[in-house]
Structure formats: structure tokens, C-alpha cells
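What's in input-v4.csv: CSV, C-alpha atoms
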chain,number,residue,atom,x,y,z
A,77,MET,CA,18.7,-12.4,40.9
A,78,ASP,CA,15.6,-13.2,42.9
A,79,ASP,CA,17.5,-12.4,46.1
A,80,ALA,CA,18.4,-9.0,44.8
A,81,ILE,CA,17.6,-5.9,46.8
A,82,ASP,CA,15.1,-3.6,45.1
A,83,PHE,CA,16.8,-0.2,45.3
A,84,THR,CA,14.5,1.5,42.8
A,85,ARG,CA,12.4,3.0,45.7
A,86,MET,CA,15.4,4.8,47.0
A,87,ASN,CA,15.7,8.5,46.4
A,88,ARG,CA,17.9,9.5,43.6
A,89,SER,CA,19.2,13.0,44.2
A,90,GLY,CA,21.0,15.0,41.5
A,91,PRO,CA,24.5,16.5,41.8
A,92,PRO,CA,25.1,19.9,43.3
A,93,ASP,CA,24.9,22.8,40.8
A,94,ASP,CA,28.5,23.9,41.5
A,95,LEU,CA,30.0,20.5,40.6
A,96,TRP,CA,30.3,21.2,36.8
A,97,PRO,CA,32.1,24.6,37.4
A,98,ALA,CA,34.5,22.7,39.6
A,99,ILE,CA,35.1,20.1,36.9
A,100,ALA,CA,35.5,22.7,34.2
A,101,GLY,CA,38.0,24.5,36.4
A,102,GLU,CA,40.0,21.3,36.9
A,103,LEU,CA,40.0,20.7,33.2
A,104,ASP,CA,41.3,24.2,32.6
A,105,ARG,CA,44.2,23.6,35.0
A,106,HIS,CA,45.0,20.3,33.2
A,107,ARG,CA,44.9,22.2,29.9
A,108,LYS,CA,47.3,24.9,31.2
A,109,HIS,CA,49.7,22.2,32.5
A,110,ARG,CA,49.5,20.4,29.2
A,111,LEU,CA,50.3,23.7,27.3
A,112,VAL,CA,53.3,24.4,29.6
A,113,ARG,CA,54.6,20.8,29.1
A,114,ARG,CA,54.3,21.2,25.3
A,115,VAL,CA,56.0,24.5,25.2
A,116,SER,CA,58.8,23.2,27.5
A,117,ALA,CA,59.2,20.1,25.3
A,118,LEU,CA,59.3,22.3,22.1
A,119,ALA,CA,61.9,24.6,23.7
A,120,ALA,CA,64.0,21.6,24.6
A,121,MET,CA,63.7,20.2,21.1
A,122,VAL,CA,64.7,23.5,19.5
A,123,THR,CA,67.7,23.7,21.9
A,124,VAL,CA,68.8,20.2,20.9
A,125,VAL,CA,68.4,21.0,17.2
A,126,VAL,CA,70.4,24.3,17.5
A,127,LEU,CA,73.2,22.7,19.5
A,128,ALA,CA,73.3,19.8,17.0
A,129,SER,CA,73.6,22.2,14.1
A,130,VAL,CA,76.3,24.2,15.9
A,131,PHE,CA,78.3,21.0,16.5
A,132,VAL,CA,77.8,19.8,12.9
A,133,GLN,CA,79.1,23.2,11.5
A,134,MET,CA,82.2,23.2,13.7
A,135,PRO,CA,85.4,22.2,11.8
A,136,GLU,CA,86.6,18.7,12.5
A,137,PRO,CA,90.1,18.4,13.9
A,138,THR,CA,92.5,17.0,11.4
A,139,SER,CA,94.0,13.7,12.4
A,140,GLU,CA,97.1,13.8,10.2
A,141,PRO,CA,100.2,13.7,12.4
A,142,GLY,CA,102.2,16.9,12.5
A,143,THR,CA,99.5,19.1,11.0
A,144,PRO,CA,98.5,21.9,13.4
A,145,SER,CA,94.7,22.3,13.7
A,146,THR,CA,93.4,24.0,16.9
A,147,GLY,CA,94.6,26.4,19.5
A,148,SER,CA,98.3,26.7,20.0
A,149,GLU,CA,98.9,23.9,17.4
A,150,MET,CA,98.0,26.3,14.6
A,151,MET,CA,100.6,28.9,15.7
A,152,SER,CA,104.0,29.4,14.1
A,153,LEU,CA,107.2,29.2,16.2
A,154,ALA,CA,107.4,33.0,16.5
A,155,ASP,CA,103.8,33.1,17.7
A,156,LEU,CA,104.5,30.4,20.2
A,157,ARG,CA,107.5,32.3,21.6
A,158,ALA,CA,105.5,35.5,21.8
A,159,ALA,CA,102.6,33.8,23.6
A,160,SER,CA,105.1,32.2,26.0
A,161,ALA,CA,106.7,35.6,26.7
A,162,ARG,CA,103.3,37.2,27.4
A,163,LEU,CA,102.4,34.5,29.8
A,164,GLU,CA,105.8,34.7,31.5
A,165,ASN,CA,105.4,38.5,32.0
A,166,ARG,CA,102.0,37.9,33.7
A,167,LEU,CA,103.6,35.1,35.8
A,168,ALA,CA,106.3,37.5,36.9
A,169,ASP,CA,103.6,39.8,38.4
A,170,HIS,CA,102.0,36.8,40.2
A,171,ARG,CA,105.3,35.7,41.6
A,172,GLN,CA,105.6,39.1,43.4
A,173,ARG,CA,102.5,38.4,45.4
A,174,PRO,CA,102.2,36.2,48.5
A,175,VAL,CA,100.9,32.7,48.0
A,176,GLY,CA,98.7,30.6,50.3
A,177,GLY,CA,100.0,27.4,51.8
A,178,LEU,CA,97.3,25.4,50.0
A,179,GLU,CA,98.7,26.2,46.5
A,180,LEU,CA,102.4,26.3,47.4
A,181,GLU,CA,103.2,22.6,46.9
A,182,SER,CA,101.6,22.4,43.5
A,183,LEU,CA,103.2,25.7,42.4
A,184,LEU,CA,106.6,24.5,43.4
A,185,TRP,CA,106.1,21.3,41.5
A,186,LEU,CA,105.0,23.3,38.4
A,187,GLU,CA,107.9,25.7,38.7
A,188,THR,CA,110.3,22.7,38.8
A,189,GLU,CA,108.6,21.3,35.7
A,190,LEU,CA,109.1,24.7,34.0
A,191,ALA,CA,112.8,24.8,34.9
A,192,TRP,CA,113.2,21.3,33.4
A,193,LEU,CA,111.3,22.4,30.3
A,194,ASP,CA,113.6,25.4,29.9
A,195,GLN,CA,116.6,23.1,30.0
A,196,GLN,CA,115.1,21.1,27.2
A,197,LEU,CA,114.4,24.3,25.2
A,198,ALA,CA,118.0,25.4,25.7
A,199,GLU,CA,119.1,22.3,23.8
A,200,ALA,CA,116.3,22.4,21.2
A,201,PRO,CA,115.1,26.1,20.9
A,202,ALA,CA,113.2,25.5,17.6
A,203,ASP,CA,111.1,22.6,18.9
A,204,PRO,CA,107.4,23.8,18.6
A,205,ASP,CA,106.2,20.9,20.8
A,206,LEU,CA,108.4,22.1,23.7
A,207,TRP,CA,107.1,25.7,23.2
A,208,ARG,CA,103.5,24.5,23.3
A,209,GLN,CA,104.2,22.5,26.5
A,210,ARG,CA,105.8,25.7,27.9
A,211,ILE,CA,102.7,27.8,27.0
A,212,GLU,CA,100.4,25.2,28.7
A,213,LEU,CA,102.6,25.1,31.8
A,214,LEU,CA,102.8,28.9,32.0
A,215,ALA,CA,99.0,29.2,31.6
A,216,GLU,CA,98.5,26.6,34.4
A,217,LEU,CA,101.0,28.4,36.7
A,218,ASN,CA,99.2,31.8,36.0
A,219,ARG,CA,95.9,30.1,36.9
A,220,ARG,CA,97.2,28.5,40.1
A,221,TYR,CA,98.8,31.8,41.2
A,222,ALA,CA,95.6,33.7,40.5
A,223,ASP,CA,93.5,31.1,42.4
A,224,GLY,CA,95.9,31.2,45.4
A,225,ASP,CA,95.7,34.9,45.5
A,226,TRP,CA,91.9,34.9,45.3
A,227,ARG,CA,91.6,32.4,48.1
A,228,ARG,CA,94.1,34.4,50.3
A,229,GLU,CA,92.0,37.5,49.8
A,230,MET,CA,88.9,35.6,50.8
A,231,LEU,CA,90.6,34.3,53.9
A,232,LEU,CA,91.8,37.8,54.8
A,233,ALA,CA,88.3,39.2,54.3
A,234,SER,CA,86.8,36.5,56.5
A,235,VAL,CA,89.1,37.3,59.5
B,203,MET,CA,19.2,8.0,31.8
B,204,SER,CA,21.7,5.6,33.1
B,205,LEU,CA,25.4,5.1,33.0
B,206,SER,CA,25.0,2.4,30.4
B,207,SER,CA,23.5,4.8,27.9
B,208,PRO,CA,25.8,5.4,24.9
B,209,ILE,CA,27.0,8.6,23.3
B,210,ASP,CA,27.3,8.9,19.5
B,211,ASP,CA,30.4,9.0,17.4
B,212,LEU,CA,30.1,12.7,16.8
B,213,ALA,CA,30.1,13.4,20.5
B,214,LEU,CA,33.1,11.1,21.0
B,215,ALA,CA,35.0,12.9,18.2
B,216,ALA,CA,34.2,16.3,19.9
B,217,LEU,CA,35.3,15.0,23.3
B,218,LYS,CA,38.6,13.9,21.7
B,219,ARG,CA,39.0,17.5,20.4
B,220,ARG,CA,38.4,18.6,24.0
B,221,CYS,CA,35.3,20.6,23.0
B,222,ARG,CA,34.1,22.2,26.3
B,223,ARG,CA,30.5,22.5,25.2
B,224,THR,CA,30.4,18.8,24.4
B,225,GLN,CA,32.1,18.0,27.7
B,226,GLU,CA,29.4,19.9,29.5
B,227,ARG,CA,26.6,18.3,27.5
B,228,VAL,CA,28.0,14.8,28.3
B,229,TYR,CA,28.4,15.8,32.0
B,230,ARG,CA,24.7,17.0,32.1
B,231,ARG,CA,23.7,13.7,30.6
B,232,TYR,CA,25.6,11.4,33.0
B,233,SER,CA,25.9,13.5,36.1
B,234,GLN,CA,22.7,12.2,37.7
B,235,PRO,CA,23.4,8.5,37.6
B,236,ALA,CA,27.1,9.2,38.3
B,237,TRP,CA,26.2,11.2,41.4
B,238,THR,CA,23.7,8.6,42.6
B,239,LEU,CA,26.3,5.8,42.2
B,240,ALA,CA,29.0,7.8,43.9
B,241,VAL,CA,26.7,8.7,46.9
B,242,ARG,CA,25.5,5.2,47.3
B,243,LEU,CA,29.0,3.7,47.1
B,244,SER,CA,30.8,6.2,49.3
B,245,GLY,CA,27.9,6.8,51.6
B,246,CYS,CA,28.8,10.4,51.8
B,247,GLU,CA,28.1,13.5,49.6
B,248,ALA,CA,31.5,15.1,50.3
B,249,ARG,CA,33.3,12.0,49.1
B,250,ALA,CA,30.9,11.6,46.2
B,251,TRP,CA,31.7,15.1,45.1
B,252,ASP,CA,35.5,14.3,44.9
B,253,ALA,CA,34.9,11.0,43.2
B,254,VAL,CA,32.5,12.4,40.6
B,255,GLN,CA,34.8,15.4,39.9
B,256,GLN,CA,37.8,13.2,39.5
B,257,ALA,CA,36.0,10.6,37.4
B,258,PHE,CA,34.7,13.2,34.9
B,259,VAL,CA,38.1,14.9,34.7
B,260,LEU,CA,39.9,11.6,34.1
B,261,ALA,CA,37.3,10.5,31.6
B,262,PHE,CA,37.6,13.7,29.6
B,263,GLU,CA,41.4,13.8,29.9
B,264,ARG,CA,41.9,10.1,28.8
B,265,ILE,CA,39.1,10.1,26.2
B,266,GLY,CA,41.7,9.3,23.6
B,267,GLN,CA,41.9,5.8,25.0
B,268,LEU,CA,38.2,5.1,24.3
B,269,ARG,CA,37.6,3.4,20.9
B,270,LYS,CA,33.9,2.9,20.8
B,271,ALA,CA,31.4,5.7,21.6
B,272,GLU,CA,28.8,3.2,22.9
B,273,GLN,CA,31.2,2.2,25.6
B,274,PHE,CA,31.4,5.7,27.1
B,275,GLY,CA,28.9,5.1,29.9
B,276,PHE,CA,30.4,1.8,31.0
B,277,TRP,CA,33.9,3.3,30.8
B,278,LEU,CA,32.8,6.3,33.0
B,279,ARG,CA,31.2,4.0,35.5
B,280,ARG,CA,34.4,2.0,35.8
B,281,ILE,CA,36.5,5.1,36.4
B,282,LEU,CA,34.0,6.3,39.0
B,283,VAL,CA,33.8,3.1,40.8
B,284,ASN,CA,37.6,3.0,40.8
B,285,GLN,CA,37.7,6.5,42.3
B,286,VAL,CA,35.4,5.5,45.1
B,287,MET,CA,37.3,2.3,45.9
B,288,ASP,CA,40.6,4.2,45.9
B,289,GLN,CA,39.1,6.7,48.3
B,290,HIS,CA,38.0,3.8,50.5
B,291,ARG,CA,41.4,2.2,50.4
B,292,ARG,CA,43.2,5.4,51.2
B,293,GLN,CA,40.8,6.1,54.1
B,294,ALA,CA,41.2,2.6,55.4
B,295,ALA,CA,45.0,2.9,55.3
B,296,GLU,CA,45.1,6.3,56.9
B,297,ARG,CA,42.4,6.0,59.6
B,298,PRO,CA,41.1,2.4,59.6
B,299,GLU,CA,38.5,2.7,62.4
B,300,ILE,CA,37.0,6.1,61.8
B,301,ASP,CA,34.4,6.9,59.2
B,302,GLU,CA,34.4,10.7,58.8
B,303,CYS,CA,31.2,10.6,56.8
B,304,GLY,CA,29.3,8.3,59.1
B,305,GLU,CA,26.4,10.8,59.2
B,306,PHE,CA,24.3,10.0,56.1
B,307,ARG,CA,21.6,12.5,55.4
B,308,ASP,CA,18.7,11.4,57.5
B,309,HIS,CA,15.5,11.3,55.5
B,310,ASP,CA,11.9,11.2,56.9
B,311,SER,CA,11.8,7.7,58.1
B,312,ALA,CA,14.3,5.8,60.2
B,313,LEU,CA,12.9,2.6,58.9
B,314,ASP,CA,13.6,2.9,55.3
B,315,LEU,CA,15.9,1.2,53.0
B,316,GLU,CA,18.0,4.3,52.6
B,317,ARG,CA,19.0,4.3,56.3
B,318,ALA,CA,19.7,0.6,56.4
B,319,PHE,CA,21.8,0.8,53.3
B,320,ALA,CA,23.8,3.7,54.7
B,321,GLU,CA,24.5,1.8,57.8
B,322,LEU,CA,26.2,-1.0,55.9
B,323,ASP,CA,30.0,-1.3,55.9
B,324,ALA,CA,31.6,0.5,52.9
B,325,LEU,CA,32.6,-2.7,51.1
B,326,ASP,CA,29.2,-4.4,51.6
B,327,ARG,CA,27.5,-1.2,50.3
B,328,GLN,CA,29.7,-1.1,47.2
B,329,VAL,CA,29.2,-4.8,46.3
B,330,VAL,CA,25.5,-4.9,46.9
B,331,TRP,CA,24.9,-1.6,45.0
B,332,LEU,CA,27.1,-2.5,42.1
B,333,HIS,CA,25.5,-5.9,41.8
B,334,ASP,CA,21.8,-5.3,42.5
B,335,ALA,CA,21.4,-1.7,41.4
B,336,GLU,CA,24.0,-1.4,38.6
B,337,GLY,CA,23.7,-4.9,37.4
B,338,MET,CA,27.4,-5.6,37.4
B,339,LYS,CA,28.7,-9.2,37.3
B,340,HIS,CA,30.7,-10.7,40.1
B,341,ALA,CA,33.8,-10.9,37.9
B,342,GLU,CA,33.6,-7.2,37.1
B,343,ILE,CA,33.2,-6.3,40.8
B,344,ALA,CA,36.0,-8.6,41.9
B,345,GLU,CA,38.3,-7.1,39.3
B,346,LEU,CA,37.5,-3.5,40.4
B,347,ALA,CA,38.0,-4.4,44.1
B,348,GLY,CA,41.2,-6.3,43.4
B,349,GLN,CA,39.5,-9.5,44.9
B,350,THR,CA,38.3,-12.9,43.7
B,351,VAL,CA,34.8,-13.8,42.3
B,352,SER,CA,34.1,-15.9,45.4
B,353,TRP,CA,34.9,-12.9,47.6
B,354,SER,CA,32.4,-10.8,45.7
B,355,LYS,CA,29.7,-13.5,46.0
B,356,SER,CA,30.2,-14.0,49.7
B,357,ARG,CA,30.3,-10.3,50.3
B,358,LEU,CA,27.1,-9.8,48.4
B,359,ALA,CA,25.3,-12.6,50.3
B,360,ARG,CA,26.5,-11.1,53.6
B,361,ALA,CA,25.5,-7.6,52.6
B,362,ARG,CA,22.0,-8.6,51.6
B,363,GLU,CA,21.6,-10.5,54.8
B,364,LYS,CA,22.6,-7.6,56.9
B,365,LEU,CA,20.4,-5.3,54.9
B,366,ARG,CA,17.4,-7.5,55.3
B,367,ASN,CA,18.0,-8.0,59.0
B,368,ARG,CA,18.2,-4.3,59.6
B,369,LEU,CA,15.1,-3.7,57.6
B,370,THR,CA,13.2,-6.4,59.5
B,371,ALA,CA,14.4,-5.1,62.8
B,372,ASP,CA,13.3,-1.6,61.9
B,373,GLU,CA,9.9,-2.9,60.8
B,374,VAL,CA,9.4,-4.7,64.0
B,375,ALA,CA,10.4,-1.6,66.0
B,376,ALA,CA,8.0,0.5,64.0
B,377,ARG,CA,5.1,-1.9,64.6
B,378,SER,CA,5.7,-2.1,68.3
B,379,MET,CA,5.8,1.7,68.4
B,380,GLU,CA,2.5,1.9,66.5
B,381,HIS,CA,0.8,-0.5,68.9
B,382,GLY,CA,2.1,1.4,71.9
Let me see whether you can do it: turn the structure in this file into C-alpha cells.
Amino acid sequence: MDDAIDFTRMNRSGPPDDLWPAIAGELDRHRKHRLVRRVSALAAMVTVVVLASVFVQMPEPTSEPGTPSTGSEMMSLADLRAASARLENRLADHRQRPVGGLELESLLWLETELAWLDQQLAEAPADPDLWRQRIELLAELNRRYADGDWRREMLLASV
Amino acid sequence: MSLSSPIDDLALAALKRRCRRTQERVYRRYSQPAWTLAVRLSGCEARAWDAVQQAFVLAFERIGQLRKAEQFGFWLRRILVNQVMDQHRRQAAERPEIDECGEFRDHDSALDLERAFAELDALDRQVVWLHDAEGMKHAEIAELAGQTVSWSKSRLARAREKLRNRLTADEVAARSMEHG
């Protein structure tokens, strides 16, 4: 250390007076960010707990074959026929409206599927599985017709 | 008061509770040596301001990592030196040839140690100050700078030589002025 430079004779100035307020301000900003992060984390945790409890309380679908449990599977044959009729009435309204070319191909395919299903039902009119398939198909057709109609209106509006 | 002075366990516990009054007391206690160190290493009060501010904020924010109260000063010094070295690296990467803070406050004499020290290259200044004024070991300096011990040794020798040469040159110039 003999070679060391003697720095003790150099001036040692103090920090500016406004340095501490700047540090305190920065610490306050960190504190606020920390608080926001904690609140966000807490909110996320509460959401997860609530969703988990909702899923836990939901009834489990029964796995026994042939036992109706959810949606259309819980309906009786009369209910299935009534639901099918309601959907068919709605479909009849849709069929009166013009359909865009984009949806036409898929609609024709679904209509063919419906015709084939109706043939099956003519042979087995009390088959609940066939009625459920019919309900699903009618719902899908209604949705496609509605989508096609909405897109057509948008196209007309943009012209 | 130097950066190697310890704080007590009560102060450390209060800092861990983020007690603002304790933070201010600790700042008041260490701010003078921290400021001197930052100014000497960075060669510029504006950069020293940023480094000291960041160092205290980091030290208070990460106080949970510190186990022993008596280590606080060394720990703060390490954080501060890292801040200054990071500044230097950033500046070197962004604008390698321009030193925005080249103008060091000029004191009364142009021949004094202060002036000669300020004229040193940033790395020379850091190594010679950390070793000769702060008493840090080569291994410690090398680690902070991300270099080897031999790098620190050769840098120190070179920095001292430059410093002495400048001081000698200034002395000769002053004498020749005195004698007309």
C-alpha cells in the first residue's frame, strides 16, 4: 500500500439537499406499485377460488349408459318433439329470407342431412337419439341461417 | 462516518418494516460517504445523483436480502459501485467516445489532485479510488467490474502512474510560472 495515492486531502462535498426527497418519492412510487401488484394478485386469487368452488358445486355428468343427464338428454320424447317443432318453425321463417353465397353450400349440406334424418325418424319415430340429433341439426341450421342473414345485411350496409 | 460503519439490529429490523423515519436516518448517516464515492467514481455530480438515488432505493427495497446489520455499509457500497459501473457500461455502449460530464467542477487550483483525478479515464478513476480510498481488495474490484484480478492490478498501476505524471507535470508548470 506504499504506492497508494493519498486521497484524504481531496474535498469531500455532501449530497444536495433535495436528494433525500427524490429518494423518498421514488420509494413511495415503489410502495404504490407493490400495493397495486398485491391487490391484483389477491383479486386473481379470489377469482380462482370462486371459479374453483363454482366448478366443484356443479353436478357431475352421470356416466351410466342410457341415463339422461344434461341438456336435451334429460328431456322426454314429448319434450324432444316439442323442441324440434319450435326450432322447425323458426327455421321456416329463416328459409323465407335470402341467403348469402358464403353460407349456401353448408346450408344445403345440412338440409340434406335433415332430410336423411327425417327418413330415419319415419322408420323409428320413438327413437329419442334420432330426435336429439334432429334438435341439434335444427339448432345448427337456425344459427347458420341467422349468421348468413346478418352477414348479408352487413354487406348491403357497406355498399 | 464511512460506508463501512455498521447499523444496529433494531435499525435493520425497522428498515425491513420499511419505516420511513429509519430510512431517512440511515440515509443521513451514509449519504456523505456515498455521495463522495459516487462523485469520485463517476466524475460527475449529475451521474452521482442518479447512482446514489438508485443505490439507496435498491438498498431499502431489497433490505430483506440482508442478514447481518453490520454488513449494511458494505452492502450499500457494493450496490452503489454497481450502479456507477452500470452507468459507465451503458454510456460506453451508447456513446463510446463522448463523455457528457467531462467538465468536473473546477476548484481553486489547476494543479491539485482533484483536477488530475478528474482527468483520469473512468475505469482508472474507479479502480484507483476503490482500492486506495475505499480500501477494497483487487478480487472485490475485479468482481464488481466483471474482470480478472490481474486486470484490476494492472489498471491500478496504470492509473496511479497517470495520476502521478499529471501531478508532476502540473507541479513543474506551476514552478515555471512562479519563476516567470
Counting all atoms listed in the file, give me one row per residue of chain A with an atom at most 6 Å from an atom of chain B, showing the shortest contact pair and its distance in Å to one decimal, sorted by chain then residue number, as a tab-separated table.
residue	atom	partner	partner_atom	distance
A:Ala80	CA	B:Asp334	CA	5.5
A:Arg88	CA	B:Thr238	CA	6.0
A:Gly90	CA	B:Gln234	CA	5.0
A:Pro91	CA	B:Trp237	CA	5.6
A:Ile99	CA	B:Gln255	CA	5.6
Tell me, as a PyMOL selection string, which residues lie within 8 Å of segment 209-211 of chain A, counting all atoms listed in the file; anything in the same chain fewer than 5 positions away does not count. chain A and resi 156+159-160+163+190+193
Expressed in Å, the length from atom CA of Gln195 of chain A to atom CA of Trp207 of chain A is 12.0 Å
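In terms of minimum interatomic distance to Gln349 of chain B, B:Leu325 ranks closest within B:Leu214, B:Leu325, B:Thr224, B:Arg368, counting all atoms listed in the file.
Atom CA of Met287 of chain B lies 24.9 Å from atom CA of Arg105 of chain A.
Closest approach to Leu282 of chain B among B:Ser354, B:Ser244, B:Ser207, B:Gln267: B:Ser244, based on only C-alpha atoms.
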